[in-house]
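Structure first, commentary second.
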Amino acid sequence: MRRLWIALFMLSGMQLHAQNVKEVHTTFQTSREWRPTIDVRAKAVMVYGVGGNPSDKSEKIPFEERVRSWRDKGYVAHYMTGIAWGEYQDYFTGEWDGKMHLDEGQVELNGDTIWHGHMVPYIVPTDNFLTYLKERHIKRAIDAGIDAIFMEEPEFWARAGYSEAFKREWEKFYGFPWRAQHLSPENTYLSNKLKYHLYYKALDEVFSYAREYGKSRGMDVKCYVPTHSLVNYAQWKIVSPEASLASLPSVDGYIAQVWTGTSREPNYFNGKMKERVFETAFLEYGSMESMTAPTGREIFFLTDPIEDWPRDWVDYKKNYEATFTAQLLYPRINKYEIMPWPERIYEGLYRTSRNSDKKERIPRHYSTQMQVMVNTLGQMPETKERVEGSQGIGVMMSNSLMFQRFPEHEGYEDPQLASFYGQTLPLLKRGVPVETVHMENLSYRETLQDIHLLILSYSGMKPMEPGAHTYLAHWVNNGGILLYCGRDSDPFQQVPEWWNSGTNNFATAADHLFTQLGLDPSLDEGEYKVGKGKVYILRNDPKEFILSENGDQKFVALLQRLYREPAGEELQFKNYFSLKRGPYRIISVLDESVASTPYVAKGTFVDLFNPEVPVLNEKIVHPGEQAFLFDITSLKERQKPRVLATAAGVSDERSTTYSYAFTVKSPINTTNVMRILLPEKPVLSEVRNGNGEIDHEMSWDQESKTVFLRFENDPAGISVMLKWE
């Protein structure tokens with residue numbers, strides 16, 4: 001009987017499966033079935049794992065039942081699981097094929113396996129494991145009518161590389177016996193390059209299978225990679241294929257997994273190491289956006305109202321505002337994963353403050369604010385507007401940023417990824433919206449079309465293909481300005497790679513680049529004309545700009561001159577970022593910047609970071625703070641009723657000459673606040689659930705012609721009717 005029920009469910013899933021993911025602008029991930037406490041009203045849900053999430057402590061509901069529970073509530077259902085870890089104990093313990101596979105975990109030098117959970121190792125993705133993943137997990141998801149597969153976090157720890165499984169993959173890939181990565185820079189580079197290749201290959205195989213199996217079922221299956229940014233993986237010493245995946249036909253897009261936990265990783269600036277959450281998040285989102293923009297792949301931006309590490313609600317709120325603001329400063333992105341794991345956000349217990357041992361569920365004021373914020377994301381417009389400030393400065397990145405991070409070798413150190421932050425933070429901290437450029441995307445014309453000053457260093461990374469230099473030389477010859485920073489004395493310059501192998505005999509990777517540019521590789525520091533453009537060589541490693549106080553003065557002065565020379569435009573320094581995005585204003589004011597003055601916005605605004613959603617005529621934003629505002633004066637149709645801010649999902653809107661009605665849904669045990677634009681003051685307000693009228697608070701603001709409502713949320717739906725004369 002149970003088999004018959006599952007078969008009928010699969011048939012109904014095939015007939016009613018999710019609409020095309022291109023139409024989805026908001027989503028979230030959960031391993032749980034639908035329940036009223038986590039009904040967050042995004043358009044789609046990514047149901048996690050055929051076997052759930054390894055961290056689940058409660059009873060696990062069968063996958064098909066979880067999918068059906070969300071579909072019954074109107075959600076588009078997708079599938080997410082990990083490719084480097086997951087509920088795959090049946091594989092490792094031999095239940096699947098009768099053989100134990102615990103030797104396929106990622107192993108450190110001391111012989112310890114790196115674990116993600118109980119009997120859940122980080123995986124060396126062998127061919128046998130990929131066969132298991134396809135047959136036991138991907139197939140079952142597609143049979144349930146799922147047409148979008150999200151394989152998250154292709155992660156190989158840089159400190160791993162000592163398991164028997166990895167040694168076998170080494171010999172298969174390189175054709176010679178395994179070498180311990182800690183013994184030389186060459187071994188380190190080769191080891192990490194293999195880790196990169198293994199997950200590149202793994203994702204291609206799994207996604208190619210998903211597409212083909214979907215076709216056999218009459219489905220067009222789309223495939224996405226939720227992944228941390230290249231900035232974070234390099235800093236955390238993890239290897240992942242990152243930008244190269246965009247060249248795979250089997251990959252449709254990404255989720256940029258950026259949140260407080262990644263962005264609070266400390267970095268250096270002006271000689272001080274500390275957390276710089278907004279700045280790091282801005283660079284993380286930027287690296288993900290630039291990774292996908294030239295390729296046409298889709299991307300969702302993620303934020304998390306809490307984080308993996310247990311902290312306190314005050315900390316979570318402050319850093320959520322910082323990361324949320326950073327993601328909105330990328331105006332070409334309007335798809336979002338509004339949160340991961342709502343079950344831990346709404347049902348978890350965390351400290352009330354840093355110095356308190358008291359734990360409680362999410363405070364009502366924070367859940368209200370968070371829901372106001374996430375409910376804007378479904379309405380967030382794309383725009384051609386740019387972040388205020390000097391445009392056109394880029395910093396080059398490559399996937400090989402991950403290859404030199406661990407272990408350290410004599411003659412090379414890069415504390416807290418200082419080689420990268422040394423090129424970016426001196427600009428970012430002065431209010432310049434510096435961009436990142438992915439070397440793997442240089443074959444796309446769009447990659448450099450808006451860049452006129454490009455900063456490049458091979459101190460912390462190396463070019464993976466010689467073709468990159470051909471594209472760079474072409475760009476410079478056509479008028480681009482290249483600033484190359486580096487002493488080129490690190491031991492990774494001598495690893496056996498394309499620039500010193502075969503017909504090439506260059507001492508460093510940069511020597512090949514300079515030759516392509518028509519320059520003598522032995523040139524000293526200075527400026528050199530190349531075609532219509534120019535190259536400036538600066539013989540400093542970028543980390544030197546930030547590891548000491550005022551270490552960036554020479555670098556910044558040079559940037560000012562190089563930026564000014566083509567068109568006479570000055571490089572604008574300021575202590576804030578600001579963007580107008582449709583009716584929304586996004587503002588972040590920097591500390592450690594060129595000024596300590598606040599940013600003052602004047603107008604008629606709804607404050608979307610305030611759970612009371614008040615109307616303001618002035619918003620003052622201090623250094624280290626952010627603001628998110630709805631600009632009422634930007635609306636062209638001021639007589640048309642409209643919800644400006646809400647802590648619930650709005651549907652079934654209906655307007656007449658003298659009334660405005662709608663339905664709202666949001667998780668139980670949360671409070672809805674609303675700021676609604678009306679042509680006149682309402683004389684009647686009705687707020688009802690299935691049991692009749694419910695208590696609510698209402699007030700009118702005559703100047704803005706907006707009404708404020710407050711009442712308790714209900715996922716079953718609440719009907720609101722407002723009437724005026």
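Chain identifiers are assigned as A, B, and so on, following the order in which chains appear in the structure tokens; residues are numbered from 1 within each chain, and ligands are numbered from 1 in order of appearance.
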Quiz item: Counting only C-alpha atoms, what is within 10 Å of Thr113 of chain A, bar same-chain residues fewer than 2 positions away, as a PyMOL selection string?
Solution: chain A and resi 102-111+115-116+120-123+160+162-163
Quiz prompt | Residues within 12 Å of Glu95 of chain A, only C-alpha atoms, excluding chain neighbours under 6 positions, as a ChimeraX atom specification | solution = /A:88-89,101,132,136
Practice problem: Would you return as a ChimeraX atom specification the members of segment 349-469 of chain A that DSSP assigns to strand (DSSP E) on this structure's backbone? | Solution: /A:350-351,359-360,393-397,435-438,453-456
Quiz prompt | Nearest residue to Phe420 of chain A from the set A:Leu230, A:Ala144, A:Val594, A:Val589 (distances using only C-alpha atoms) | solution = A:Leu230
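In this structure, atom CA of Gln391 of chain A sits 28.1 Å away from atom CA of Glu465 of chain A.
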Practice problem: Choose the residue, out of A:Asp631, A:Asp304, A:Glu279, A:Glu23, that has the smallest atom-to-atom separation from Asp591 of chain A; count only C-alpha atoms. | Solution: A:Glu279
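Take the candidates A:His197, A:Lys60, A:Arg71, A:Lys43 and check each one against Thr126 of chain A using only C-alpha atoms; the shortest distance goes to A:His197.
Within 10 Å of Gly479 of chain A, once only C-alpha atoms are used and residues closer than 2 positions along the same chain are dropped, the contacting residues are His452, Leu453, His474, Trp475, Val476, Asn477, Ile481, Leu482, Lys529, Val530, Gly531, Lys532, Gly533, Lys534 and Pro566 of chain A.
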Take the selection from the previous step and output its residues with N, CA, C and O atoms, as a tab-separated table (two decimals), in the first residue's frame.
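Everything below was put into out.tsv:
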chain	number	residue	atom	x	y	z
A	452	HIS	N	38.22	50.33	-16.75
A	452	HIS	CA	39.30	51.04	-17.44
A	452	HIS	C	40.58	51.08	-16.63
A	452	HIS	O	41.63	51.47	-17.15
A	453	LEU	N	40.55	50.67	-15.35
A	453	LEU	CA	41.76	50.54	-14.54
A	453	LEU	C	41.70	49.20	-13.82
A	453	LEU	O	40.80	48.96	-13.01
A	474	HIS	N	45.30	42.31	-25.26
A	474	HIS	CA	44.36	42.93	-26.20
A	474	HIS	C	43.64	44.11	-25.54
A	474	HIS	O	43.49	45.18	-26.15
A	475	TRP	N	43.21	43.92	-24.29
A	475	TRP	CA	42.49	44.97	-23.57
A	475	TRP	C	43.39	46.20	-23.34
A	475	TRP	O	42.97	47.34	-23.55
A	476	VAL	N	44.63	45.98	-22.93
A	476	VAL	CA	45.54	47.10	-22.71
A	476	VAL	C	45.83	47.82	-24.02
A	476	VAL	O	45.79	49.06	-24.09
A	477	ASN	N	46.10	47.09	-25.06
A	477	ASN	CA	46.39	47.71	-26.36
A	477	ASN	C	45.24	48.57	-26.87
A	477	ASN	O	45.45	49.50	-27.64
A	481	ILE	N	44.13	50.40	-18.71
A	481	ILE	CA	45.27	50.71	-17.84
A	481	ILE	C	45.43	49.57	-16.85
A	481	ILE	O	44.50	49.25	-16.10
A	482	LEU	N	46.60	48.95	-16.85
A	482	LEU	CA	46.88	47.81	-15.99
A	482	LEU	C	47.91	48.22	-14.94
A	482	LEU	O	49.00	48.70	-15.28
A	529	LYS	N	54.04	52.59	-21.83
A	529	LYS	CA	52.93	52.72	-22.78
A	529	LYS	C	52.84	51.45	-23.62
A	529	LYS	O	53.85	50.93	-24.11
A	530	VAL	N	51.61	50.95	-23.81
A	530	VAL	CA	51.36	49.75	-24.60
A	530	VAL	C	50.16	50.04	-25.50
A	530	VAL	O	49.03	50.13	-25.01
A	531	GLY	N	50.41	50.23	-26.78
A	531	GLY	CA	49.32	50.56	-27.69
A	531	GLY	C	48.61	51.83	-27.25
A	531	GLY	O	49.25	52.85	-26.96
A	532	LYS	N	47.29	51.76	-27.14
A	532	LYS	CA	46.50	52.91	-26.68
A	532	LYS	C	46.43	52.97	-25.15
A	532	LYS	O	45.88	53.93	-24.60
A	533	GLY	N	46.94	51.95	-24.48
A	533	GLY	CA	46.85	51.89	-23.03
A	533	GLY	C	48.19	52.00	-22.37
A	533	GLY	O	49.18	52.43	-22.97
A	534	LYS	N	48.26	51.59	-21.13
A	534	LYS	CA	49.51	51.67	-20.40
A	534	LYS	C	49.55	50.60	-19.31
A	534	LYS	O	48.51	50.09	-18.85
A	566	PRO	N	43.25	59.33	-17.95
A	566	PRO	CA	42.55	59.12	-19.23
A	566	PRO	C	41.55	60.22	-19.56
A	566	PRO	O	41.50	60.70	-20.69
With 12 Å as the cut-off and only C-alpha atoms counted, what is the closest atom pair between each nearby residue of segment 477-563 of chain A and segment 169-186 of chain A? Distances in Å to one decimal, ordered by chain and number, as JSON lines.
{"residue": "A:Asp490", "atom": "CA", "partner": "A:Pro185", "partner_atom": "CA", "distance": 9.6}
{"residue": "A:Pro491", "atom": "CA", "partner": "A:Pro185", "partner_atom": "CA", "distance": 6.5}
{"residue": "A:Phe492", "atom": "CA", "partner": "A:Pro185", "partner_atom": "CA", "distance": 5.9}
{"residue": "A:Gln493", "atom": "CA", "partner": "A:Pro185", "partner_atom": "CA", "distance": 9.3}
{"residue": "A:Gln494", "atom": "CA", "partner": "A:Glu186", "partner_atom": "CA", "distance": 7.7}
{"residue": "A:Val495", "atom": "CA", "partner": "A:Glu186", "partner_atom": "CA", "distance": 4.8}
{"residue": "A:Pro496", "atom": "CA", "partner": "A:Glu186", "partner_atom": "CA", "distance": 7.0}
{"residue": "A:Glu497", "atom": "CA", "partner": "A:Glu186", "partner_atom": "CA", "distance": 9.5}
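You will find atom CA of Ser390 of chain A at 22.5 Å from atom CA of Met439 of chain A.
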